[in-house]
file start-v5.tsv (TSV, C-alpha atoms and all ligand atoms)
chain	number	residue	atom	x	y	z
A	19	MET	CA	0.00	0.00	0.00
A	20	MET	CA	1.35	3.42	-0.96
A	21	ARG	CA	1.71	5.93	1.85
A	22	LEU	CA	-0.85	8.41	0.42
A	23	GLU	CA	-3.26	5.78	-0.95
A	24	ASN	CA	-6.74	7.28	-1.50
A	25	LYS	CA	-5.93	10.52	0.30
A	26	GLY	CA	-7.44	13.69	-1.16
A	27	ALA	CA	-5.01	16.57	-1.77
A	28	VAL	CA	-5.39	20.18	-2.87
A	29	VAL	CA	-2.32	21.82	-4.39
A	30	THR	CA	-2.62	25.56	-5.01
A	31	GLY	CA	-0.54	27.03	-7.79
A	32	GLY	CA	-0.58	23.49	-9.17
A	33	GLY	CA	-0.85	24.67	-12.77
A	34	GLY	CA	2.93	24.78	-13.23
A	35	GLY	CA	6.27	25.24	-11.51
A	36	LEU	CA	6.84	23.54	-8.19
A	37	GLY	CA	3.10	23.00	-7.62
A	38	ARG	CA	2.97	20.65	-10.59
A	39	VAL	CA	6.01	18.76	-9.29
A	40	TYR	CA	4.39	18.38	-5.85
A	41	ALA	CA	1.04	17.30	-7.33
A	42	LEU	CA	2.62	14.59	-9.47
A	43	ARG	CA	4.65	13.30	-6.52
A	44	LEU	CA	1.54	13.13	-4.30
A	45	ALA	CA	-0.28	11.27	-7.09
A	46	ALA	CA	2.67	8.90	-7.54
A	47	GLU	CA	2.36	8.08	-3.83
A	48	GLY	CA	-1.36	7.31	-4.21
A	49	ALA	CA	-3.23	10.60	-3.64
A	50	ASN	CA	-6.08	12.01	-5.69
A	51	VAL	CA	-5.35	15.66	-6.40
A	52	ALA	CA	-7.24	18.91	-7.06
A	53	LEU	CA	-5.20	21.65	-8.67
A	54	TRP	CA	-6.16	25.25	-7.96
A	55	ASP	CA	-4.53	27.86	-10.13
A	56	ILE	CA	-5.34	31.30	-11.53
A	57	ASN	CA	-4.05	29.73	-14.75
A	58	GLY	CA	-6.96	27.36	-15.39
A	59	ALA	CA	-5.35	25.84	-18.50
A	60	GLY	CA	-2.20	24.98	-16.52
A	61	ALA	CA	-4.32	23.43	-13.74
A	62	ASN	CA	-6.13	21.29	-16.31
A	63	GLU	CA	-2.82	20.17	-17.85
A	64	THR	CA	-1.55	19.05	-14.45
A	65	ALA	CA	-4.86	17.31	-13.76
A	66	GLU	CA	-4.45	15.40	-17.01
A	67	LEU	CA	-0.94	14.33	-15.94
A	68	VAL	CA	-2.34	13.21	-12.57
A	69	ARG	CA	-5.04	11.15	-14.30
A	70	LYS	CA	-2.33	9.44	-16.38
A	71	THR	CA	-0.97	8.02	-13.10
A	72	GLY	CA	-4.38	6.38	-12.49
A	73	ARG	CA	-5.50	8.84	-9.78
A	74	ILE	CA	-8.34	11.36	-9.82
A	75	GLY	CA	-7.07	14.73	-11.02
A	76	VAL	CA	-9.21	17.87	-11.27
A	77	GLY	CA	-8.08	21.29	-12.41
A	78	MET	CA	-9.84	24.45	-11.25
A	79	GLN	CA	-9.35	28.08	-12.12
A	80	VAL	CA	-9.06	29.78	-8.72
A	81	ASP	CA	-7.60	33.06	-7.56
A	82	VAL	CA	-6.43	32.18	-4.04
A	83	ALA	CA	-6.85	35.83	-3.03
A	84	SER	CA	-10.64	35.54	-3.50
A	85	GLU	CA	-12.59	34.18	-0.53
A	86	ALA	CA	-15.65	33.37	-2.66
A	87	GLN	CA	-13.53	31.39	-5.14
A	88	THR	CA	-11.64	29.43	-2.45
A	89	VAL	CA	-14.86	28.51	-0.65
A	90	ALA	CA	-16.46	27.30	-3.89
A	91	ALA	CA	-13.32	25.40	-4.92
A	92	ALA	CA	-13.09	23.68	-1.52
A	93	LYS	CA	-16.59	22.29	-1.90
A	94	ALA	CA	-16.00	21.27	-5.54
A	95	SER	CA	-12.71	19.57	-4.58
A	96	ALA	CA	-14.29	17.62	-1.72
A	97	ASP	CA	-17.10	16.56	-4.06
A	98	ALA	CA	-14.65	15.45	-6.78
A	99	LEU	CA	-12.14	13.66	-4.52
A	100	GLY	CA	-14.56	12.38	-1.86
A	101	ARG	CA	-12.38	13.70	0.99
A	102	ILE	CA	-9.63	16.23	1.70
A	103	ASP	CA	-6.63	15.19	3.81
A	104	ILE	CA	-3.74	17.26	2.43
A	105	VAL	CA	-3.42	20.95	1.57
A	106	VAL	CA	-0.31	22.34	-0.11
A	107	ASN	CA	-0.48	26.15	-0.08
A	108	ASN	CA	2.00	26.69	-2.87
A	109	ALA	CA	0.47	29.47	-5.05
A	110	GLY	CA	2.75	32.47	-4.98
A	111	ILE	CA	3.97	35.42	-7.00
A	112	VAL	CA	6.87	37.81	-7.08
A	113	ARG	CA	6.91	41.13	-8.96
A	114	ASP	CA	10.60	40.83	-9.82
A	115	ILE	CA	13.19	38.50	-8.30
A	116	HIS	CA	15.78	41.25	-7.83
A	117	PRO	CA	15.53	43.65	-4.86
A	118	VAL	CA	14.65	47.35	-5.32
A	119	PRO	CA	14.96	50.20	-2.77
A	120	ILE	CA	11.91	50.65	-0.54
A	121	GLU	CA	11.25	54.07	-2.11
A	122	GLU	CA	10.57	52.33	-5.42
A	123	LEU	CA	8.13	49.72	-4.08
A	124	LYS	CA	4.63	50.61	-5.23
A	125	LEU	CA	1.72	50.12	-2.81
A	126	PRO	CA	-0.48	48.23	-5.35
A	127	ASP	CA	2.40	45.78	-5.97
A	128	TRP	CA	2.90	45.32	-2.22
A	129	GLU	CA	-0.84	44.75	-1.71
A	130	ARG	CA	-1.14	42.17	-4.49
A	131	ILE	CA	1.92	40.19	-3.31
A	132	ILE	CA	0.57	40.08	0.25
A	133	ALA	CA	-2.94	39.25	-1.07
A	134	VAL	CA	-1.78	36.23	-3.07
A	135	ASN	CA	1.11	34.90	-0.96
A	136	LEU	CA	-0.16	35.49	2.57
A	137	THR	CA	-3.89	36.24	2.47
A	138	GLY	CA	-4.26	33.53	-0.19
A	139	SER	CA	-2.73	30.91	2.12
A	140	PHE	CA	-4.99	32.10	4.95
A	141	LEU	CA	-8.09	31.90	2.73
A	142	CYS	CA	-7.25	28.44	1.36
A	143	ASN	CA	-6.64	27.11	4.86
A	144	LYS	CA	-9.84	28.76	6.09
A	145	ALA	CA	-11.88	27.18	3.29
A	146	LEU	CA	-10.31	23.71	3.62
A	147	VAL	CA	-9.93	23.20	7.38
A	148	PRO	CA	-13.61	22.15	7.78
A	149	TYR	CA	-12.98	19.31	5.31
A	150	LEU	CA	-9.75	18.25	7.07
A	151	LYS	CA	-11.65	18.14	10.36
A	152	ARG	CA	-14.28	15.97	8.71
A	153	SER	CA	-11.51	13.53	7.61
A	154	GLY	CA	-10.45	13.10	11.25
A	155	LYS	CA	-6.86	14.24	10.65
A	156	GLY	CA	-5.06	16.37	8.11
A	157	LYS	CA	-1.81	17.78	6.80
A	158	ILE	CA	-1.28	21.43	5.87
A	159	ILE	CA	1.96	22.34	4.12
A	160	ASN	CA	2.53	26.06	3.74
A	161	VAL	CA	5.28	27.47	1.55
A	162	SER	CA	7.56	30.14	2.96
A	163	SER	CA	10.95	31.14	1.57
A	164	GLY	CA	14.53	31.32	2.82
A	165	THR	CA	14.37	35.05	2.12
A	166	ALA	CA	12.05	35.42	5.14
A	167	LEU	CA	14.82	34.02	7.38
A	168	HIS	CA	17.83	35.90	6.00
A	169	GLY	CA	16.05	38.97	4.59
A	170	THR	CA	18.01	39.30	1.37
A	171	ASN	CA	18.15	38.61	-2.36
A	172	ILE	CA	14.61	39.63	-3.31
A	173	ARG	CA	12.03	42.41	-2.93
A	174	LEU	CA	10.73	43.45	0.47
A	175	ASP	CA	7.06	42.77	-0.41
A	176	TYR	CA	7.88	39.13	-1.18
A	177	ILE	CA	10.06	38.73	1.94
A	178	CYS	CA	7.27	40.10	4.15
A	179	SER	CA	4.61	37.89	2.56
A	180	LYS	CA	6.75	34.82	3.21
A	181	ALA	CA	7.58	35.92	6.76
A	182	GLY	CA	3.82	36.05	7.40
A	183	ILE	CA	3.61	32.38	6.39
A	184	ILE	CA	5.78	31.53	9.42
A	185	GLY	CA	3.23	33.09	11.79
A	186	LEU	CA	0.34	31.48	9.92
A	187	THR	CA	2.04	28.08	10.26
A	188	ARG	CA	2.81	28.36	13.95
A	189	GLY	CA	-0.49	29.94	14.97
A	190	LEU	CA	-2.52	27.42	13.01
A	191	ALA	CA	-0.45	24.48	14.28
A	192	ALA	CA	-1.30	25.53	17.84
A	193	GLU	CA	-4.98	25.90	16.98
A	194	LEU	CA	-5.44	22.69	15.01
A	195	GLY	CA	-3.38	20.15	16.98
A	196	LYS	CA	-6.44	19.00	18.89
A	197	TYR	CA	-8.02	17.98	15.57
A	198	TRP	CA	-4.89	15.97	14.59
A	199	ILE	CA	-4.15	18.45	11.83
A	200	ASN	CA	-0.41	19.05	11.35
A	201	VAL	CA	0.65	22.42	10.00
A	202	ASN	CA	4.22	22.83	8.76
A	203	ALA	CA	6.06	25.09	6.34
A	204	ILE	CA	8.70	24.27	3.79
A	205	VAL	CA	11.29	27.01	3.39
A	206	PRO	CA	13.08	26.68	0.06
A	207	GLY	CA	16.11	28.59	-1.08
A	208	PRO	CA	16.13	29.75	-4.74
A	209	VAL	CA	14.89	27.10	-7.18
A	210	PRO	CA	14.79	27.68	-10.94
A	211	THR	CA	11.11	27.87	-12.00
A	212	THR	CA	8.89	30.10	-14.09
A	213	LEU	CA	8.71	32.35	-10.99
A	214	SER	CA	12.29	33.28	-11.75
A	215	GLY	CA	11.76	33.11	-15.52
A	216	LEU	CA	13.61	29.81	-15.85
A	217	ASP	CA	13.11	26.20	-16.90
A	218	PRO	CA	12.66	24.07	-13.76
A	219	LEU	CA	14.20	21.04	-15.38
A	220	LYS	CA	17.59	22.60	-16.13
A	221	THR	CA	20.36	24.11	-14.03
A	222	HIS	CA	21.09	27.80	-14.46
A	223	GLU	CA	24.18	28.63	-12.43
A	224	ASN	CA	25.60	30.77	-15.17
A	225	LYS	CA	22.47	32.40	-16.59
A	226	ALA	CA	23.05	36.16	-16.57
A	227	ASP	CA	19.53	37.22	-15.49
A	228	TYR	CA	19.37	34.70	-12.59
A	229	TYR	CA	21.51	34.99	-9.47
A	230	PRO	CA	25.24	34.86	-10.11
A	231	PRO	CA	26.84	31.78	-8.46
A	232	GLU	CA	28.57	33.82	-5.74
A	233	GLN	CA	25.15	35.16	-4.64
A	234	LEU	CA	23.27	31.89	-5.21
A	235	TYR	CA	25.70	29.96	-3.02
A	236	ALA	CA	26.42	32.67	-0.43
A	237	GLY	CA	26.57	31.08	3.03
A	238	ARG	CA	25.61	27.67	1.64
A	239	TYR	CA	27.45	24.48	2.65
A	240	LEU	CA	26.08	22.24	-0.10
A	241	MET	CA	27.40	24.02	-3.16
A	242	ARG	CA	24.99	23.25	-5.95
A	243	GLU	CA	21.75	24.67	-7.29
A	244	ILE	CA	18.52	23.61	-5.49
A	245	MET	CA	16.22	21.74	-7.86
A	246	PRO	CA	12.49	20.85	-7.64
A	247	ARG	CA	13.45	17.22	-6.94
A	248	ASP	CA	15.07	18.43	-3.70
A	249	LEU	CA	11.64	19.56	-2.40
A	250	GLU	CA	9.05	17.04	-3.60
A	251	GLY	CA	10.05	14.21	-1.20
A	252	LEU	CA	9.75	16.58	1.76
A	253	VAL	CA	6.24	17.59	0.68
A	254	ALA	CA	5.21	13.93	0.34
A	255	PHE	CA	6.71	13.13	3.76
A	256	LEU	CA	4.87	16.03	5.42
A	257	ALA	CA	1.67	14.87	3.70
A	258	SER	CA	2.09	11.32	5.03
A	259	ASP	CA	1.47	9.56	8.35
A	260	GLU	CA	5.25	9.42	8.81
A	261	SER	CA	5.18	13.06	9.96
A	262	ASP	CA	2.31	12.62	12.44
A	263	MET	CA	4.28	14.05	15.39
A	264	ILE	CA	5.77	17.00	13.48
A	265	THR	CA	3.83	20.27	13.61
A	266	GLY	CA	4.53	24.00	13.62
A	267	GLN	CA	7.93	23.43	12.02
A	268	LEU	CA	9.82	25.30	9.32
A	269	ILE	CA	11.88	22.90	7.24
A	270	THR	CA	14.55	24.69	5.31
A	271	VAL	CA	15.84	23.31	2.01
A	272	ASP	CA	18.69	25.67	1.20
A	273	GLY	CA	21.92	23.69	1.20
A	274	GLY	CA	22.59	24.66	4.82
A	275	ARG	CA	22.48	28.44	4.51
A	276	VAL	CA	20.19	28.76	7.55
A	277	PHE	CA	20.56	26.34	10.45
A	278	VAL	CA	17.91	27.73	12.80
A	279	GLY	CA	14.39	28.58	11.58
B	1	LIG	N1	11.24	29.21	-7.14
B	1	LIG	C1	11.84	29.63	-6.03
B	1	LIG	O1	13.02	30.01	-6.04
B	1	LIG	C2	11.11	29.63	-4.73
B	1	LIG	C3	11.83	29.74	-3.53
B	1	LIG	C4	11.14	29.77	-2.31
B	1	LIG	C5	9.77	29.70	-2.32
B	1	LIG	N2	9.09	29.60	-3.50
B	1	LIG	C6	7.64	29.55	-3.44
B	1	LIG	O2	7.21	28.36	-4.04
B	1	LIG	C7	5.90	28.54	-4.57
B	1	LIG	C8	5.85	28.07	-6.00
B	1	LIG	O3	6.71	28.89	-6.74
B	1	LIG	P1	7.24	28.52	-8.19
B	1	LIG	O4	8.68	28.86	-8.18
B	1	LIG	O5	6.80	27.17	-8.60
B	1	LIG	O6	6.49	29.64	-9.04
B	1	LIG	P2	5.74	29.55	-10.44
B	1	LIG	O7	5.53	30.97	-10.87
B	1	LIG	O8	6.48	28.65	-11.35
B	1	LIG	O9	4.35	28.89	-10.05
B	1	LIG	C9	3.42	29.57	-9.26
B	1	LIG	C10	2.03	29.11	-9.62
B	1	LIG	O10	1.09	29.87	-8.84
B	1	LIG	C11	0.04	30.29	-9.69
B	1	LIG	N3	-0.59	31.50	-9.17
B	1	LIG	C12	-0.12	32.77	-9.22
B	1	LIG	N4	-1.01	33.60	-8.67
B	1	LIG	C13	-2.07	32.86	-8.29
B	1	LIG	C14	-3.31	33.16	-7.66
B	1	LIG	N5	-3.65	34.42	-7.34
B	1	LIG	N6	-4.17	32.14	-7.40
B	1	LIG	C15	-3.85	30.87	-7.76
B	1	LIG	N7	-2.69	30.53	-8.36
B	1	LIG	C16	-1.81	31.51	-8.61
B	1	LIG	C17	0.72	30.54	-11.04
B	1	LIG	O11	-0.21	30.56	-12.11
B	1	LIG	C18	1.70	29.38	-11.10
B	1	LIG	O12	1.12	28.22	-11.67
B	1	LIG	C19	5.58	30.03	-4.39
B	1	LIG	O13	4.81	30.22	-3.22
B	1	LIG	C20	6.94	30.64	-4.23
B	1	LIG	O14	6.90	31.86	-3.53
B	1	LIG	C21	9.73	29.54	-4.71

call {"tool": "encode", "arguments": {"input": "start-v5.tsv", "output": "structure tokens"}}
result
Amino acid sequence: MMRLENKGAVVTGGGGGLGRVYALRLAAEGANVALWDINGAGANETAELVRKTGRIGVGMQVDVASEAQTVAAAKASADALGRIDIVVNNAGIVRDIHPVPIEELKLPDWERIIAVNLTGSFLCNKALVPYLKRSGKGKIINVSSGTALHGTNIRLDYICSKAGIIGLTRGLAAELGKYWINVNAIVPGPVPTTLSGLDPLKTHENKADYYPPEQLYAGRYLMREIMPRDLEGLVAFLASDESDMITGQLITVDGGRVFVG
């Protein structure tokens, strides 16, 4: 029996990038998966890939910053999958991966980044927790970023949105423990994806518009690029019964740049 056999999972931002990688790994371990993405076509493509593994896959066009859309999608996902056990709050945006001075940050950009990355994770959790409670236990995996721990390499609006995910994770872990719902956050360092304008399947150490190697590896002990494959096993582990006594934790995947989260 596979460790996620017949579990129901929602992966936000599952229409591409890391979300697609996580969704396919959860399906490979036995889960049925609903993909929520503002890019409905991408969500449907991932759903098709999930179905090819023999699991239920459903794609939905959802803006995670909309409460009405997340509530409707939660019900539709529970109806399609039969149950919800796993939530991966992965949808996220960045205006530009390179930092700019605070004087140049525009309020509408700040507000949209916070709305999608932080409020979106709050709204998805809010909409899906009732279904996790109904399942008798559950796994929430939020997605922060190493930038929230070391404060560098990217714009302030993004850093602050991902710092908020740490509070969301710890506060919700405290609230939901009595329902046997685990809430943890993965904290990746930079990974090449469409978020950074790159192909997730290739390495990019020397690409001029990505981070130069001396910045990419600064303070890191494992001196290679972080790839999507370095994250997917952690997501599957946190989604599984093997992590039943782990909650409220930040798990950093950054080659050792940050030891204490
Ligand atoms: N790539 C990295 O270096 C890195 C590092 C740390 C954390 N992260 C985080 O990992 C997550 C995934 O990032 P990625 O690199 O795969 O990015 P990506 O841009 O490749 O994928 C993000 C997905 O989210 C979707 N999305 C955007 N806005 C949305 C909205 N309002 N509602 C629903 N879906 C929406 C996009 O359509 C896309 O499919 C993000 O939360 C990101 O902040 C990425």

call {"tool": "closest_atom_pairs", "arguments": {"input": "start-v5.tsv", "of": "chain A", "to": "ligand LIG 1 (chain B)", "cutoff": "8 Å", "atoms": "all atoms listed in the file", "output": "JSON lines"}}
result
{"residue": "A:Thr30", "atom": "CA", "partner": "B:LIG1", "partner_atom": "N7", "distance": 6.0}
{"residue": "A:Gly31", "atom": "CA", "partner": "B:LIG1", "partner_atom": "O10", "distance": 3.4}
{"residue": "A:Gly32", "atom": "CA", "partner": "B:LIG1", "partner_atom": "O12", "distance": 5.6}
{"residue": "A:Gly33", "atom": "CA", "partner": "B:LIG1", "partner_atom": "O12", "distance": 4.2}
{"residue": "A:Gly34", "atom": "CA", "partner": "B:LIG1", "partner_atom": "O12", "distance": 4.2}
{"residue": "A:Gly35", "atom": "CA", "partner": "B:LIG1", "partner_atom": "O8", "distance": 3.4}
{"residue": "A:Leu36", "atom": "CA", "partner": "B:LIG1", "partner_atom": "O5", "distance": 3.7}
{"residue": "A:Gly37", "atom": "CA", "partner": "B:LIG1", "partner_atom": "O5", "distance": 5.7}
{"residue": "A:Arg38", "atom": "CA", "partner": "B:LIG1", "partner_atom": "O5", "distance": 7.8}
{"residue": "A:Trp54", "atom": "CA", "partner": "B:LIG1", "partner_atom": "C15", "distance": 6.1}
{"residue": "A:Asp55", "atom": "CA", "partner": "B:LIG1", "partner_atom": "N7", "distance": 3.7}
{"residue": "A:Ile56", "atom": "CA", "partner": "B:LIG1", "partner_atom": "C15", "distance": 4.1}
{"residue": "A:Asn57", "atom": "CA", "partner": "B:LIG1", "partner_atom": "O11", "distance": 4.7}
{"residue": "A:Gly60", "atom": "CA", "partner": "B:LIG1", "partner_atom": "O12", "distance": 6.7}
{"residue": "A:Ala61", "atom": "CA", "partner": "B:LIG1", "partner_atom": "O12", "distance": 7.5}
{"residue": "A:Gln79", "atom": "CA", "partner": "B:LIG1", "partner_atom": "C15", "distance": 7.6}
{"residue": "A:Val80", "atom": "CA", "partner": "B:LIG1", "partner_atom": "C15", "distance": 5.4}
{"residue": "A:Asp81", "atom": "CA", "partner": "B:LIG1", "partner_atom": "N6", "distance": 3.6}
{"residue": "A:Val82", "atom": "CA", "partner": "B:LIG1", "partner_atom": "N6", "distance": 4.0}
{"residue": "A:Ala83", "atom": "CA", "partner": "B:LIG1", "partner_atom": "N5", "distance": 5.6}
{"residue": "A:Asn107", "atom": "CA", "partner": "B:LIG1", "partner_atom": "O13", "distance": 7.4}
{"residue": "A:Asn108", "atom": "CA", "partner": "B:LIG1", "partner_atom": "O13", "distance": 4.5}
{"residue": "A:Ala109", "atom": "CA", "partner": "B:LIG1", "partner_atom": "O10", "distance": 3.9}
{"residue": "A:Gly110", "atom": "CA", "partner": "B:LIG1", "partner_atom": "O13", "distance": 3.5}
{"residue": "A:Ile111", "atom": "CA", "partner": "B:LIG1", "partner_atom": "C12", "distance": 5.4}
{"residue": "A:Val112", "atom": "CA", "partner": "B:LIG1", "partner_atom": "O14", "distance": 6.9}
{"residue": "A:Ala133", "atom": "CA", "partner": "B:LIG1", "partner_atom": "N5", "distance": 7.9}
{"residue": "A:Val134", "atom": "CA", "partner": "B:LIG1", "partner_atom": "N5", "distance": 5.0}
{"residue": "A:Asn135", "atom": "CA", "partner": "B:LIG1", "partner_atom": "O13", "distance": 6.4}
{"residue": "A:Gly138", "atom": "CA", "partner": "B:LIG1", "partner_atom": "N5", "distance": 7.2}
{"residue": "A:Val161", "atom": "CA", "partner": "B:LIG1", "partner_atom": "O13", "distance": 5.5}
{"residue": "A:Ser162", "atom": "CA", "partner": "B:LIG1", "partner_atom": "C5", "distance": 5.7}
{"residue": "A:Ser163", "atom": "CA", "partner": "B:LIG1", "partner_atom": "C4", "distance": 4.1}
{"residue": "A:Gly164", "atom": "CA", "partner": "B:LIG1", "partner_atom": "C4", "distance": 6.3}
{"residue": "A:Thr165", "atom": "CA", "partner": "B:LIG1", "partner_atom": "C4", "distance": 7.6}
{"residue": "A:Tyr176", "atom": "CA", "partner": "B:LIG1", "partner_atom": "O14", "distance": 7.7}
{"residue": "A:Lys180", "atom": "CA", "partner": "B:LIG1", "partner_atom": "O14", "distance": 7.4}
{"residue": "A:Val205", "atom": "CA", "partner": "B:LIG1", "partner_atom": "C4", "distance": 6.3}
{"residue": "A:Pro206", "atom": "CA", "partner": "B:LIG1", "partner_atom": "C4", "distance": 4.4}
{"residue": "A:Gly207", "atom": "CA", "partner": "B:LIG1", "partner_atom": "C3", "distance": 5.1}
{"residue": "A:Pro208", "atom": "CA", "partner": "B:LIG1", "partner_atom": "O1", "distance": 3.4}
{"residue": "A:Val209", "atom": "CA", "partner": "B:LIG1", "partner_atom": "O1", "distance": 3.6}
{"residue": "A:Pro210", "atom": "CA", "partner": "B:LIG1", "partner_atom": "N1", "distance": 5.4}
{"residue": "A:Thr211", "atom": "CA", "partner": "B:LIG1", "partner_atom": "O4", "distance": 4.6}
{"residue": "A:Thr212", "atom": "CA", "partner": "B:LIG1", "partner_atom": "O8", "distance": 3.9}
{"residue": "A:Leu213", "atom": "CA", "partner": "B:LIG1", "partner_atom": "O7", "distance": 3.5}
{"residue": "A:Ser214", "atom": "CA", "partner": "B:LIG1", "partner_atom": "N1", "distance": 6.2}

call {"tool": "closest_residue", "arguments": {"input": "start-v5.tsv", "among": "A:Val51, A:Leu174, A:Ala45, A:Leu186", "to": "Pro119 of chain A", "atoms": "all atoms listed in the file"}}
result
A:Leu174

call {"tool": "residues_around", "arguments": {"input": "start-v5.tsv", "residues": "Arg73 of chain A", "least_positions_apart": "3", "cutoff": "9 Å", "atoms": "only C-alpha atoms", "output": "mmCIF file with C-alpha atoms, keeping the file's coordinate frame"}}
result
data_model
loop_
_atom_site.group_PDB
_atom_site.id
_atom_site.type_symbol
_atom_site.label_atom_id
_atom_site.label_comp_id
_atom_site.auth_asym_id
_atom_site.auth_seq_id
_atom_site.Cartn_x
_atom_site.Cartn_y
_atom_site.Cartn_z
ATOM 1 C CA ASN A 24 -6.740 7.280 -1.500
ATOM 2 C CA ALA A 45 -0.280 11.270 -7.090
ATOM 3 C CA ALA A 46 2.670 8.900 -7.540
ATOM 4 C CA GLY A 48 -1.360 7.310 -4.210
ATOM 5 C CA ALA A 49 -3.230 10.600 -3.640
ATOM 6 C CA ASN A 50 -6.080 12.010 -5.690
ATOM 7 C CA VAL A 51 -5.350 15.660 -6.400
ATOM 8 C CA VAL A 68 -2.340 13.210 -12.570
ATOM 9 C CA ARG A 69 -5.040 11.150 -14.300
ATOM 10 C CA LYS A 70 -2.330 9.440 -16.380
#

call {"tool": "atom_distance", "arguments": {"input": "start-v5.tsv", "atom1": "atom CA of Trp198 of chain A", "atom2": "atom CA of Ile269 of chain A"}}
result
19.6 Å

call {"tool": "residues_near_point", "arguments": {"input": "start-v5.tsv", "point": "(-16.5, 10.8, -4.1)", "cutoff": "12 Å", "atoms": "all atoms listed in the file", "output": "NGL selection string"}}
result
:A and (24-26 or 50 or 74 or 93-102)

call {"tool": "residues_around", "arguments": {"input": "start-v5.tsv", "residues": "segment 145-148 of chain A", "least_positions_apart": "2", "cutoff": "7 Å", "atoms": "all atoms listed in the file", "output": "PDB file with C-alpha atoms, in the coordinates of the input"}}
result
ATOM      1  CA  THR A  88     -11.640  29.430  -2.450  1.00  0.00           C
ATOM      2  CA  VAL A  89     -14.860  28.510  -0.650  1.00  0.00           C
ATOM      3  CA  ALA A  92     -13.090  23.680  -1.520  1.00  0.00           C
ATOM      4  CA  LEU A 141      -8.090  31.900   2.730  1.00  0.00           C
ATOM      5  CA  CYS A 142      -7.250  28.440   1.360  1.00  0.00           C
ATOM      6  CA  ASN A 143      -6.640  27.110   4.860  1.00  0.00           C
ATOM      7  CA  LEU A 150      -9.750  18.250   7.070  1.00  0.00           C
ATOM      8  CA  LYS A 151     -11.650  18.140  10.360  1.00  0.00           C
ATOM      9  CA  ARG A 152     -14.280  15.970   8.710  1.00  0.00           C
TER      10      ARG A 152
END

call {"tool": "atom_distance", "arguments": {"input": "start-v5.tsv", "atom1": "atom CA of Ala203 of chain A", "atom2": "atom CA of Thr187 of chain A"}}
result
6.4 Å

call {"tool": "closest_residue", "arguments": {"input": "start-v5.tsv", "among": "A:Leu123, A:Val271, A:Met78, A:Leu136", "to": "Ile244 of chain A", "atoms": "all atoms listed in the file"}}
result
A:Val271

call {"tool": "residues_around", "arguments": {"input": "start-v5.tsv", "residues": "Ala52 of chain A", "least_positions_apart": "4", "cutoff": "6 Å", "atoms": "all atoms listed in the file", "output": "ChimeraX atom specification"}}
result
/A:28,75-77

call {"tool": "write_last_selection", "arguments": {"input": "start-v5.tsv", "atoms": "C-alpha atoms", "output": "PDB file, in the frame of the given file"}}
result
ATOM      1  CA  VAL A  28      -5.390  20.180  -2.870  1.00  0.00           C
ATOM      2  CA  GLY A  75      -7.070  14.730 -11.020  1.00  0.00           C
ATOM      3  CA  VAL A  76      -9.210  17.870 -11.270  1.00  0.00           C
ATOM      4  CA  GLY A  77      -8.080  21.290 -12.410  1.00  0.00           C
TER       5      GLY A  77
END

call {"tool": "build_atoms", "arguments": {"input": "start-v5.tsv", "residues": "segment 185-196 of chain A", "atoms": "N, CA and C atoms", "output": "tab-separated table (two decimals), keeping the file's coordinate frame"}}
result
chain	number	residue	atom	x	y	z
A	185	GLY	N	4.23	32.88	10.73
A	185	GLY	CA	3.23	33.09	11.79
A	185	GLY	C	1.96	32.29	11.54
A	186	LEU	N	1.54	32.26	10.28
A	186	LEU	CA	0.34	31.48	9.92
A	186	LEU	C	0.55	30.01	10.29
A	187	THR	N	1.74	29.49	10.00
A	187	THR	CA	2.04	28.08	10.26
A	187	THR	C	2.03	27.80	11.76
A	188	ARG	N	2.69	28.66	12.52
A	188	ARG	CA	2.81	28.36	13.95
A	188	ARG	C	1.49	28.60	14.68
A	189	GLY	N	0.79	29.67	14.32
A	189	GLY	CA	-0.49	29.94	14.97
A	189	GLY	C	-1.52	28.87	14.67
A	190	LEU	N	-1.55	28.42	13.41
A	190	LEU	CA	-2.52	27.42	13.01
A	190	LEU	C	-2.17	26.04	13.58
A	191	ALA	N	-0.87	25.76	13.68
A	191	ALA	CA	-0.45	24.48	14.28
A	191	ALA	C	-0.95	24.40	15.72
A	192	ALA	N	-0.84	25.51	16.44
A	192	ALA	CA	-1.30	25.53	17.84
A	192	ALA	C	-2.81	25.35	17.90
A	193	GLU	N	-3.51	25.98	16.97
A	193	GLU	CA	-4.98	25.90	16.98
A	193	GLU	C	-5.51	24.53	16.58
A	194	LEU	N	-4.84	23.89	15.63
A	194	LEU	CA	-5.44	22.69	15.01
A	194	LEU	C	-4.91	21.36	15.53
A	195	GLY	N	-3.94	21.41	16.46
A	195	GLY	CA	-3.38	20.15	16.98
A	195	GLY	C	-4.45	19.25	17.56
A	196	LYS	N	-5.42	19.84	18.24
A	196	LYS	CA	-6.44	19.00	18.89
A	196	LYS	C	-7.34	18.28	17.88
